Structures are given as C-alpha cells and as structure tokens.
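As structure tokens, the structure follows; a few thoughts come after it.
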Amino acid sequence: HDLEQMLARNLKPNGALRRCFSTAGKEKIVMIGSGNFGSALVRILGRNAMRHDMFDDEVRMYVHEEIVQHEGVDTPLTEVINKTNENVKYLAGAKFTPNVVAVPDITKACEGATMIGFCIPHQFLKPMIPAITAAAAPGAKCLSAIKGIDFDDKGIVLISDILRDQLKADVSVLMGANVANDMATDQFCETTIGYKNASNGEAWRMAFDDPALKVGTVQDTVGVELCGALKNIVAIGAGFCDGLGYGGNTKAAIIRIGLKEMVKFCKTFYDGIDDATFLESCGVADLITTCYGGRNRKCAEAFAAANKTKSLDDIEKELLGGQKLQGTLTAKEVNHILKMKGLEHEFPFFTTVYKISYEDTPLTAIVETPY
C-alpha cells in the first residue's frame, strides 16, 4: 500500500514515473560505489527515500564510469542505469526506483550531501576523499559498508577511522549476512549497523530498514567492522575445503575455528568489543552465508580445484566480472599485522589461509594444521 501511494505521488499525467528533485531541509543521501553490494544497498535507499519524509527523494549513486554493451551499442554505464533504472553490469535484473540517479563525477554526486554511504573496494577510497570533503554538506553523517582493513607502521587502521580522520565526520558501519544477489530479489535478510552517535545510527537505520532488510543496531562500530572484514578470510578457508571436495562436517569445523580466531583477533587488538556483537547479523550470520555463498568462497574453491595452478588474479578476472576479491587481500593485511606483532603462531588458521594463498603451503594444510 505504501509503495502504491509512493508511486502515485511520482507519476506524470502520461503514466510515466518522473524523476524527483531535491527539497531543502531534508537529508540528502549519496552512495559512493555501485558494485554488486553497493547497488543492492542503493535499491533499499531509493525506496526509503521516497517512503520517509526526513529524506530528500533523490538518491545519488557515484559510479566509476565504464563503457558497457547496451542494445548492441557501447554506452556509458551511468547512462544505461539512468535510462533503465538497473545496474546492468553489477546487479543485472534488479530495478532501482526512478529516484536513484547514477552520477559519474564524484564532486557532483556528493554536492550538498548530508548522508554519505561508502561501498567500494577500500584500496580506491583515499584518492576520492578531498573531492568528497569539498562537495558534501558540513557535518555530513557517514556510513561505511566497506569490508576490509588497512594498516600503518603502528598496526591496524580501520576503514571507518580513515573516514573519521580525513572527513572529520561521524561514521557508522553496516555489515551483515547480505549476499547481494539474494538481496536483489528482495529475499528477507538482516543486517547490523554499528554506531557511535545514537541519533546518526537511527538516521541510518531509517534509511536502510525495509520489509526485505531488517536492521539491528549496536553501539560497537569496531566489533561490527572487524567481523565484516575477518569473515572473508574464513570464507577463503571454506572455499579451499569445497575445492578439495570435503563435506559439511569439515566446513563446519573451519567456520568454528575461524569464528574463534575472529573473536580472539578483535579482543587482542581492541578493548570494549561487546560479545553480543558476534551474535548479530554482522557476526555469526554473515560468517555462515559468506562460507556458503559469495565471491570469496567461490574463488577459493576454484583456486583449490585447480590445485593452485591458476593465480588468484586470473581467477578473480575469470569469475568476478570486474568485482574484487576481498578475502585474500584481508588475509595478507592481517598477516602483515600478525608478523609485525610476532603473533602468527597465535592465529594458526588466519596464518594458514595466508600461506596457502600466497606461499608454497599445500592446500591440505587447511585441515592438517593443529588449530
């Protein structure tokens, strides 16, 4: 019924849906990123922007421009998205509401934005920050759905901390059991928003909570964010098991061992992480779905099935169609930190995943290492 009313408000006399334009004094949302998961999140943001009065109708999505084949013609991806209300390359078959506008220029996308979501591979983030800072509204609320960690000479750097530091903004994080291709068909799922500022956490909950996406909130940005990054390492291990032909018992053991090291890693490097966070969607639920579906498991399975004769880079190109493999990169970053701190032996599972991925360690070490 709500959707019918929303559509009725936005119909032209000829029955076509009109684009919606900005209204002063409302929250203006932009999503930086338009990949598989970013597009799945923007579908929800588009619906909620029209459903709730607190949001401006228009939701912008920054798209790193590329040329795609559309109706037999080479066409800029943003043009195709705005014409068809669909990201034909990264989330084909799933329609956006017409108030979602794809923008290839980062400055124009962020102009006047009061709520900025980030969902891009984290290695692309830093060069964009000056343009975002210059264009966005002062005091904009940010949210990171970026799964990964960085490091400096002192140790771990969380992606949300990079955003806090560079944008001088409050940053919430969103992580959960959200395989994008299932979200594309509005199958019910849950997600977790970790917040520091309660009113900003609530604004982001309003932006994402939907009949198809139940949002839980916790005042623990660090726990939520680390779960989202570390579970991709476990998914690589689960994929190795699949590629080696092991069954459900083995995978369950790997998931349990991986979860134990996730909790230990969080507690080793940070104080104040809430144990309950691991029972939220961002914790055990995201770990399970990622170890059974998702790109990290799929690529690790192919790597193991080929007995390491194909490189991870080649498998990424072959299977992911332009998306990035996150788990092996996170395994490398985590291993860098563990080496730096002399803690590799304390995390045998994370260390084994790294060594199988990047060194000469055999695949069978995934089940032969004494955990």
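Residue numbering restarts at 1 in every chain; chains get A, B, ... in the order shown in the structure tokens, and ligands count up from 1 in that same order.
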Please provide the set of residues having any atom within 10 Å of region 280-290 of chain A, restricted to only C-alpha atoms, with same-chain residues fewer than 6 positions apart removed, written as a PyMOL selection string.
chain A and resi 174-179+189-194+214-218+223-236+238-239+251-252+255-256+258-259+262-263+296-298
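Of the residues listed (A:Glu79, A:Asp152, A:Asp271, A:Glu58), A:Glu58 shows the shortest atom-to-atom separation from Ala109 (chain A); distances use only C-alpha atoms.
Put simply, CA of Gln219 (chain A) is 20.4 Å away from CA of Ile156 (chain A).
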Shell of 7 Å around Cys110 (chain A), only C-alpha atoms, local chain residues under 6 positions omitted, as a ChimeraX atom specification
/A:30,132,135-136
So that I can see what lies close to Pro362 (chain A), please list as a short mmCIF file (atom, residue, chain, number, x, y, z; two decimals) with N, CA and C atoms, in the first residue's frame the residues with an atom at most 9 Å from it, counting only C-alpha atoms and leaving out residues fewer than 6 positions away in the same chain.
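The resulting file, out-v7.cif, is shown below:
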data_model
loop_
_atom_site.label_atom_id
_atom_site.label_comp_id
_atom_site.auth_asym_id
_atom_site.auth_seq_id
_atom_site.Cartn_x
_atom_site.Cartn_y
_atom_site.Cartn_z
N ASN A 307 44.17 -26.87 -8.07
CA ASN A 307 45.40 -27.24 -7.34
C ASN A 307 46.47 -26.15 -7.42
N LYS A 308 46.02 -24.89 -7.30
CA LYS A 308 46.91 -23.71 -7.27
C LYS A 308 47.65 -23.48 -8.61
N LYS A 355 49.17 -18.38 4.00
CA LYS A 355 50.30 -19.13 3.42
C LYS A 355 49.86 -19.98 2.22
N ILE A 356 48.65 -20.53 2.28
CA ILE A 356 48.14 -21.28 1.12
C ILE A 356 47.93 -20.31 -0.05
#
Just asking: which residues within region 240-278 of chain A are alpha helix (DSSP H) according to DSSP, as a PyMOL selection string?
chain A and resi 240-243+248-269
Mind dumping the selected residues with C-alpha atoms as a CSV table (one decimal), in the first residue's frame?
chain,number,residue,atom,x,y,z
A,240,PHE,CA,39.5,-24.4,-0.1
A,241,CYS,CA,37.5,-27.1,1.6
A,242,ASP,CA,34.9,-27.1,-1.2
A,243,GLY,CA,37.6,-27.2,-3.9
A,248,GLY,CA,29.7,-30.3,5.6
A,249,ASN,CA,31.4,-31.5,8.7
A,250,THR,CA,34.8,-30.2,7.6
A,251,LYS,CA,33.3,-26.8,6.6
A,252,ALA,CA,31.5,-26.5,9.9
A,253,ALA,CA,34.8,-27.2,11.7
A,254,ILE,CA,36.5,-24.5,9.6
A,255,ILE,CA,33.7,-22.0,10.4
A,256,ARG,CA,34.0,-22.7,14.1
A,257,ILE,CA,37.8,-22.4,14.1
A,258,GLY,CA,37.6,-19.2,12.0
A,259,LEU,CA,35.0,-17.6,14.3
A,260,LYS,CA,37.2,-18.4,17.3
A,261,GLU,CA,40.1,-16.6,15.7
A,262,MET,CA,37.9,-13.7,14.7
A,263,VAL,CA,36.8,-13.2,18.3
A,264,LYS,CA,40.4,-13.6,19.5
A,265,PHE,CA,41.8,-11.1,16.9
A,266,CYS,CA,39.1,-8.5,18.0
A,267,LYS,CA,39.9,-8.9,21.7
A,268,THR,CA,43.7,-8.9,21.1
A,269,PHE,CA,43.8,-5.6,19.3
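Backbone DSSP assigns strand (DSSP E) in region 148-240 of chain A to Ile149, Asp150, Phe151, Asp152, Gly155, Ile156, Val157, Leu158, Val171, Ser172, Val173, Leu174, Met175, Cys189, Glu190, Thr191, Thr192, Ile193, Gly194, Leu213, Lys214, Val215, Gly216, Thr217 and Val218 of chain A.
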Shortest contact to Leu338 (chain A), candidates A:Phe96, A:Ser160, A:Phe350, A:Lys26, atoms counted only C-alpha atoms, goes to A:Phe350
Just checking: using only C-alpha atoms, which residue out of A:Ile29, A:Ala92, A:Ala365, A:Ile81 ends up closest to Lys141 (chain A)?
A:Ile29
Considering only C-alpha atoms, return as a CSV table (one decimal) with N, CA, C and O atoms, in the first residue's frame whatever protein or nucleic-acid residues lie within 8 Å of Asp186 (chain A), sequence-local ones (same chain, fewer than 3 positions apart) excluded.
chain,number,residue,atom,x,y,z
A,182,ASP,N,21.1,-12.3,-3.6
A,182,ASP,CA,19.8,-12.7,-2.9
A,182,ASP,C,19.0,-11.4,-2.5
A,182,ASP,O,17.8,-11.4,-2.6
A,183,MET,N,19.7,-10.4,-2.1
A,183,MET,CA,19.0,-9.1,-1.8
A,183,MET,C,18.3,-8.5,-3.0
A,183,MET,O,17.3,-7.9,-2.9
A,212,ALA,N,12.3,-6.2,3.5
A,212,ALA,CA,13.3,-7.2,3.0
A,212,ALA,C,14.6,-7.1,3.7
A,212,ALA,O,15.5,-8.0,3.5
